[in-house]
Amino acid sequence: MAIILDGRVVAQHLQLQLQQALNQFDKPLQLAILLVGQNPASLTYIKRKQKLASALGIQVLLEQYDENTTTQSLIAAVQTHNLSQTSGILVQLPLPSHIDTQSVLEALDPNKDVDGLNPINLGRLMNGQPTLVPATARGVVALLKYYDIPIAGQQVVVVGRSRLVGQPVAQLLLQQNATITIAHRQTKALASVTQLADIVVVAAGQPGLIVPTMIKAGATVIDVGLTKTDQGIMGDVDPSVSRKAGAMSPVPGGVGPLTVSCLMQNIVQAALLQSKYD
Ligand code: ADP
């Protein structure tokens with residue numbers, strides 16, 4: 001049976017570290033969240049962020065915009081926060097389809113971009129410079145590190161190439177000297193690729209995509225999938241994989257609980273980057 005990589009335990013550990021890191025600032029850090037419309041999933045995520053921020057003493061400024069807000073006015077709001085006292089700015093995604101999401105993300109001060117989606121931050125990540133990295137990707141690495149799973153020299157297969165998860169996870173693990181393969185929807189014979197991996201990170205949004213025959217015995221399996229189904233929340237990895245894996249992160253209770261803590265780490269890092277660059 002696999003060791004269970006418990007994200008709740010790691011989240012608590014990160015929160016203790018965060019409390020210490022926050023003590024070095026002489027005033028509370030502030031996060032601005034810009035929300036357009038009333039997407040119920042977005043509102044749920046924002047509540048989670050507000051809850052942890054308030055427990056840590058980080059102030060959250062939630063600005064809500066009408067569903068019909070234009071790209072221009074959202075960019076203007078971002079620019080206002082670029083110049084304000086906020087340490088971090090988060091534009092809650094997805095934005096309505098009439099908004100040019102990329103232009104909004106490009107308007108962010110890279111040193112306040114706590115979701116790590118501004119092209120400057122993506123470039124810094126490619127360069128191996130310290131930067132703001134999407135929180136879920138940070139969570140995957142935090143989980144591996146906490147449980148002392150070796151990364152350097154290991155064969156890692158990342159299933160999924162999204163800019164929020166797959167690509168930044170691959171880049172972070174490459175920086176840690178793993179050998180990386182990125183699989184995606186066009187990958188032929190996915191099983192033959194995943195079977196070679198010492199570590200499989202799955203972020204494909206396909207419940208039950210990974211079954212025991214697709215992994216090497218003893219491999220570490222990190223499940224980033226999170227899909228609401230009639231049977232409840234499901235990951236991308238079939239639970240029976242835990243009988244063959246050496247270590248596995250469950251869904252729920254794996255990477256999920258870490259994401260908000262990693263966002264808070266990004267707010268601290270944003271404040272530090274601003275004192276370095278601005
Ligand atoms: P998220 O950002 O939540 O990780 P996205 O829906 O943006 O998810 O991206 C899903 C990723 O998973 C894409 O890169 C896609 O190519 C990959 N993917 C989806 N289905 C499969 C599959 N059956 N096999 C391999 N990769 C897949």
# chains A, B, ... in the order shown; residues from 1 in each chain; ligands from 1
call {"tool": "select_by_dssp", "arguments": {"residues": "region 158-189 of chain A", "states": "helix (DSSP H, G or I)", "output": "number ranges by chain"}}
result
A: 166-175
call {"tool": "residues_near_ligand", "arguments": {"ligand": "ligand 1", "cutoff": "7 Å", "atoms": "only C-alpha atoms and all ligand atoms", "output": "compact mmCIF listing (two decimals) with N, CA, C and O atoms, in the first residue's frame"}}
result
# COMPACT_ATOMS: atom_id res chain seq x y z
N VAL A 159 1.37 14.69 -16.57
CA VAL A 159 0.28 14.49 -17.53
C VAL A 159 -0.59 15.74 -17.51
O VAL A 159 -1.25 16.04 -16.51
N GLY A 160 -0.57 16.49 -18.60
CA GLY A 160 -1.29 17.78 -18.69
C GLY A 160 -0.28 18.89 -18.87
O GLY A 160 0.78 18.87 -18.24
N ARG A 161 -0.61 19.84 -19.74
CA ARG A 161 0.34 20.94 -20.02
C ARG A 161 -0.30 22.30 -19.85
O ARG A 161 -0.01 23.24 -20.57
N SER A 162 -1.21 22.41 -18.87
CA SER A 162 -1.87 23.70 -18.67
C SER A 162 -0.87 24.70 -18.10
O SER A 162 0.12 24.33 -17.47
N ARG A 163 -1.19 25.99 -18.31
CA ARG A 163 -0.24 27.01 -17.82
C ARG A 163 -0.36 27.18 -16.32
O ARG A 163 0.54 27.69 -15.67
N LEU A 164 -1.49 26.72 -15.75
CA LEU A 164 -1.66 26.84 -14.30
C LEU A 164 -0.99 25.71 -13.54
O LEU A 164 -0.56 25.88 -12.41
N VAL A 165 -0.95 24.52 -14.15
CA VAL A 165 -0.41 23.38 -13.40
C VAL A 165 0.71 22.67 -14.17
O VAL A 165 1.88 22.73 -13.78
N GLY A 166 0.37 21.99 -15.25
CA GLY A 166 1.33 21.10 -15.91
C GLY A 166 2.65 21.78 -16.26
O GLY A 166 3.73 21.30 -15.89
N ALA A 183 3.22 14.86 -20.89
CA ALA A 183 2.24 14.17 -21.74
C ALA A 183 0.98 15.03 -21.82
O ALA A 183 0.72 15.84 -20.93
N HIS A 184 0.23 14.88 -22.87
CA HIS A 184 -0.98 15.69 -23.07
C HIS A 184 -1.95 14.91 -23.93
O HIS A 184 -1.71 13.74 -24.24
N ARG A 185 -3.02 15.61 -24.33
CA ARG A 185 -4.08 14.93 -25.07
C ARG A 185 -3.61 14.23 -26.35
O ARG A 185 -4.19 13.24 -26.76
N GLN A 186 -2.55 14.76 -26.97
CA GLN A 186 -2.08 14.18 -28.24
C GLN A 186 -1.04 13.08 -28.03
O GLN A 186 -0.54 12.51 -28.99
N THR A 187 -0.68 12.82 -26.78
CA THR A 187 0.34 11.80 -26.50
C THR A 187 -0.18 10.43 -26.93
O THR A 187 -1.28 10.04 -26.55
N LEU A 190 -0.25 6.68 -23.83
CA LEU A 190 0.06 7.34 -22.55
C LEU A 190 0.64 6.35 -21.53
O LEU A 190 1.60 6.66 -20.84
N ALA A 203 -2.44 16.18 -14.00
CA ALA A 203 -3.30 17.37 -13.97
C ALA A 203 -4.01 17.47 -15.31
O ALA A 203 -3.74 18.34 -16.12
N ALA A 204 -4.91 16.52 -15.54
CA ALA A 204 -5.57 16.43 -16.85
C ALA A 204 -7.06 16.72 -16.77
O ALA A 204 -7.71 16.91 -17.79
N GLY A 205 -7.61 16.73 -15.57
CA GLY A 205 -9.05 16.96 -15.44
C GLY A 205 -9.89 15.82 -16.00
O GLY A 205 -10.99 16.04 -16.50
N GLN A 206 -9.35 14.59 -15.95
CA GLN A 206 -10.06 13.40 -16.46
C GLN A 206 -10.18 12.38 -15.34
O GLN A 206 -9.22 11.64 -15.09
N LEU A 209 -8.34 8.69 -15.00
CA LEU A 209 -7.47 8.50 -16.19
C LEU A 209 -6.33 7.51 -15.91
O LEU A 209 -5.98 6.70 -16.75
N GLY A 225 -5.89 16.36 -10.19
CA GLY A 225 -7.24 16.43 -10.77
C GLY A 225 -8.29 16.69 -9.70
O GLY A 225 -8.14 16.29 -8.54
call {"tool": "atom_distance", "arguments": {"atom1": "CA of Thr259 (chain A)", "atom2": "CA of Ser73 (chain A)"}}
result
29.0 Å
call {"tool": "closest_residue", "arguments": {"among": "A:Leu196, A:Val158, A:Asn121, A:Ile58", "to": "Ile182 (chain A)", "atoms": "only C-alpha atoms"}}
result
A:Val158
call {"tool": "atom_distance", "arguments": {"atom1": "CA of Gln175 (chain A)", "atom2": "CA of Ser242 (chain A)"}}
result
27.7 Å
call {"tool": "closest_residue", "arguments": {"among": "A:Val36, A:Leu226, A:Met1, A:Ala137", "to": "Ile99 (chain A)", "atoms": "only C-alpha atoms"}}
result
A:Val36
call {"tool": "select_by_dssp", "arguments": {"residues": "region 38-273 of chain A", "states": "strand (DSSP E or B)", "output": "PDB file with C-alpha atoms, in the first residue's frame"}}
result
ATOM      1  CA  GLN A  59      -5.940  41.829   4.601  1.00  0.00           C
ATOM      2  CA  VAL A  60      -8.116  40.966   1.621  1.00  0.00           C
ATOM      3  CA  LEU A  61      -9.709  43.658  -0.497  1.00  0.00           C
ATOM      4  CA  LEU A  62     -12.393  42.031  -2.645  1.00  0.00           C
ATOM      5  CA  GLU A  63     -13.452  44.182  -5.591  1.00  0.00           C
ATOM      6  CA  GLN A  64     -16.441  42.926  -7.516  1.00  0.00           C
ATOM      7  CA  TYR A  65     -17.153  44.057 -11.057  1.00  0.00           C
ATOM      8  CA  GLY A  88      -0.545  41.149  -4.189  1.00  0.00           C
ATOM      9  CA  ILE A  89      -3.146  41.381  -6.937  1.00  0.00           C
ATOM     10  CA  LEU A  90      -5.199  38.403  -8.031  1.00  0.00           C
ATOM     11  CA  VAL A  91      -7.564  38.517 -10.993  1.00  0.00           C
ATOM     12  CA  ASP A 113       1.153  38.922  -9.710  1.00  0.00           C
ATOM     13  CA  GLN A 155      12.114  10.280 -14.230  1.00  0.00           C
ATOM     14  CA  VAL A 156       9.054  12.506 -13.885  1.00  0.00           C
ATOM     15  CA  VAL A 157       6.032  12.355 -16.158  1.00  0.00           C
ATOM     16  CA  VAL A 158       3.633  15.298 -15.948  1.00  0.00           C
ATOM     17  CA  VAL A 159       0.276  14.488 -17.525  1.00  0.00           C
ATOM     18  CA  THR A 179      14.211  14.381 -16.084  1.00  0.00           C
ATOM     19  CA  ILE A 180      10.861  15.597 -17.344  1.00  0.00           C
ATOM     20  CA  THR A 181       8.369  14.288 -19.864  1.00  0.00           C
ATOM     21  CA  ILE A 182       5.158  16.242 -20.447  1.00  0.00           C
ATOM     22  CA  ALA A 183       2.240  14.167 -21.741  1.00  0.00           C
ATOM     23  CA  ILE A 199       7.054  10.272 -10.189  1.00  0.00           C
ATOM     24  CA  VAL A 200       3.794  10.834 -12.077  1.00  0.00           C
ATOM     25  CA  VAL A 201       2.030  14.182 -11.662  1.00  0.00           C
ATOM     26  CA  VAL A 202      -1.447  14.148 -13.155  1.00  0.00           C
ATOM     27  CA  ILE A 210      -4.593   6.746 -14.406  1.00  0.00           C
ATOM     28  CA  THR A 220       5.066   8.287  -6.489  1.00  0.00           C
ATOM     29  CA  VAL A 221       1.748   9.491  -7.873  1.00  0.00           C
ATOM     30  CA  ILE A 222       0.553  13.056  -7.370  1.00  0.00           C
ATOM     31  CA  ASP A 223      -3.056  13.654  -8.339  1.00  0.00           C
ATOM     32  CA  THR A 227     -13.683  16.980 -10.922  1.00  0.00           C
ATOM     33  CA  LYS A 228     -17.172  17.166  -9.454  1.00  0.00           C
ATOM     34  CA  THR A 229     -19.105  14.045 -10.446  1.00  0.00           C
ATOM     35  CA  GLY A 232     -18.539  13.270  -5.433  1.00  0.00           C
ATOM     36  CA  ILE A 233     -15.174  14.936  -6.013  1.00  0.00           C
ATOM     37  CA  MET A 234     -12.877  12.735  -8.101  1.00  0.00           C
ATOM     38  CA  VAL A 237      -6.040   8.809 -10.512  1.00  0.00           C
ATOM     39  CA  ALA A 247       3.359   7.035  -2.329  1.00  0.00           C
ATOM     40  CA  MET A 248       0.206   8.758  -3.487  1.00  0.00           C
TER      41      MET A 248
END
call {"tool": "closest_residue", "arguments": {"among": "A:Gln265, A:Ala11, A:Asn82, A:Leu31", "to": "Pro110 (chain A)", "atoms": "only C-alpha atoms"}}
result
A:Asn82
call {"tool": "atom_distance", "arguments": {"atom1": "CA of Gly7 (chain A)", "atom2": "CA of Pro212 (chain A)"}}
result
22.0 Å
call {"tool": "residues_around", "arguments": {"residues": "His13 (chain A)", "least_positions_apart": "5", "cutoff": "12 Å", "atoms": "only C-alpha atoms", "output": "list in words"}}
result
Asp6, Gly7, Arg8, Leu18, Gln19, Gln20, Ala142, Leu143, Lys145, Tyr146, Tyr147, Pro257, Leu258, Ser261 and Cys262 of chain A
call {"tool": "closest_residue", "arguments": {"among": "A:Lys112, A:Ala32, A:Pro94, A:Gln171", "to": "Met126 (chain A)", "atoms": "only C-alpha atoms"}}
result
A:Gln171
call {"tool": "residues_around", "arguments": {"residues": "Leu83 (chain A)", "least_positions_apart": "6", "cutoff": "12 Å", "atoms": "only C-alpha atoms", "output": "list of chain:residue names"}}
result
A:Ala76, A:Ala77, A:Ile89, A:Ala107, A:Leu108, A:Asp109, A:Asn111, A:Lys112, A:Gln274, A:Asp278
call {"tool": "residues_around", "arguments": {"residues": "Gln38 (chain A)", "least_positions_apart": "3", "cutoff": "12 Å", "atoms": "only C-alpha atoms", "output": "VMD selection string"}}
result
chain A and resid 34 to 35 41 to 46 63 to 68 92 to 96
call {"tool": "closest_residue", "arguments": {"among": "A:Thr136, A:Val260, A:Thr80, A:Thr69", "to": "Ser97 (chain A)", "atoms": "only C-alpha atoms"}}
result
A:Thr69
call {"tool": "closest_residue", "arguments": {"among": "A:Ile149, A:Val104, A:Ile33, A:Val241", "to": "Gln79 (chain A)", "atoms": "only C-alpha atoms"}}
result
A:Val104
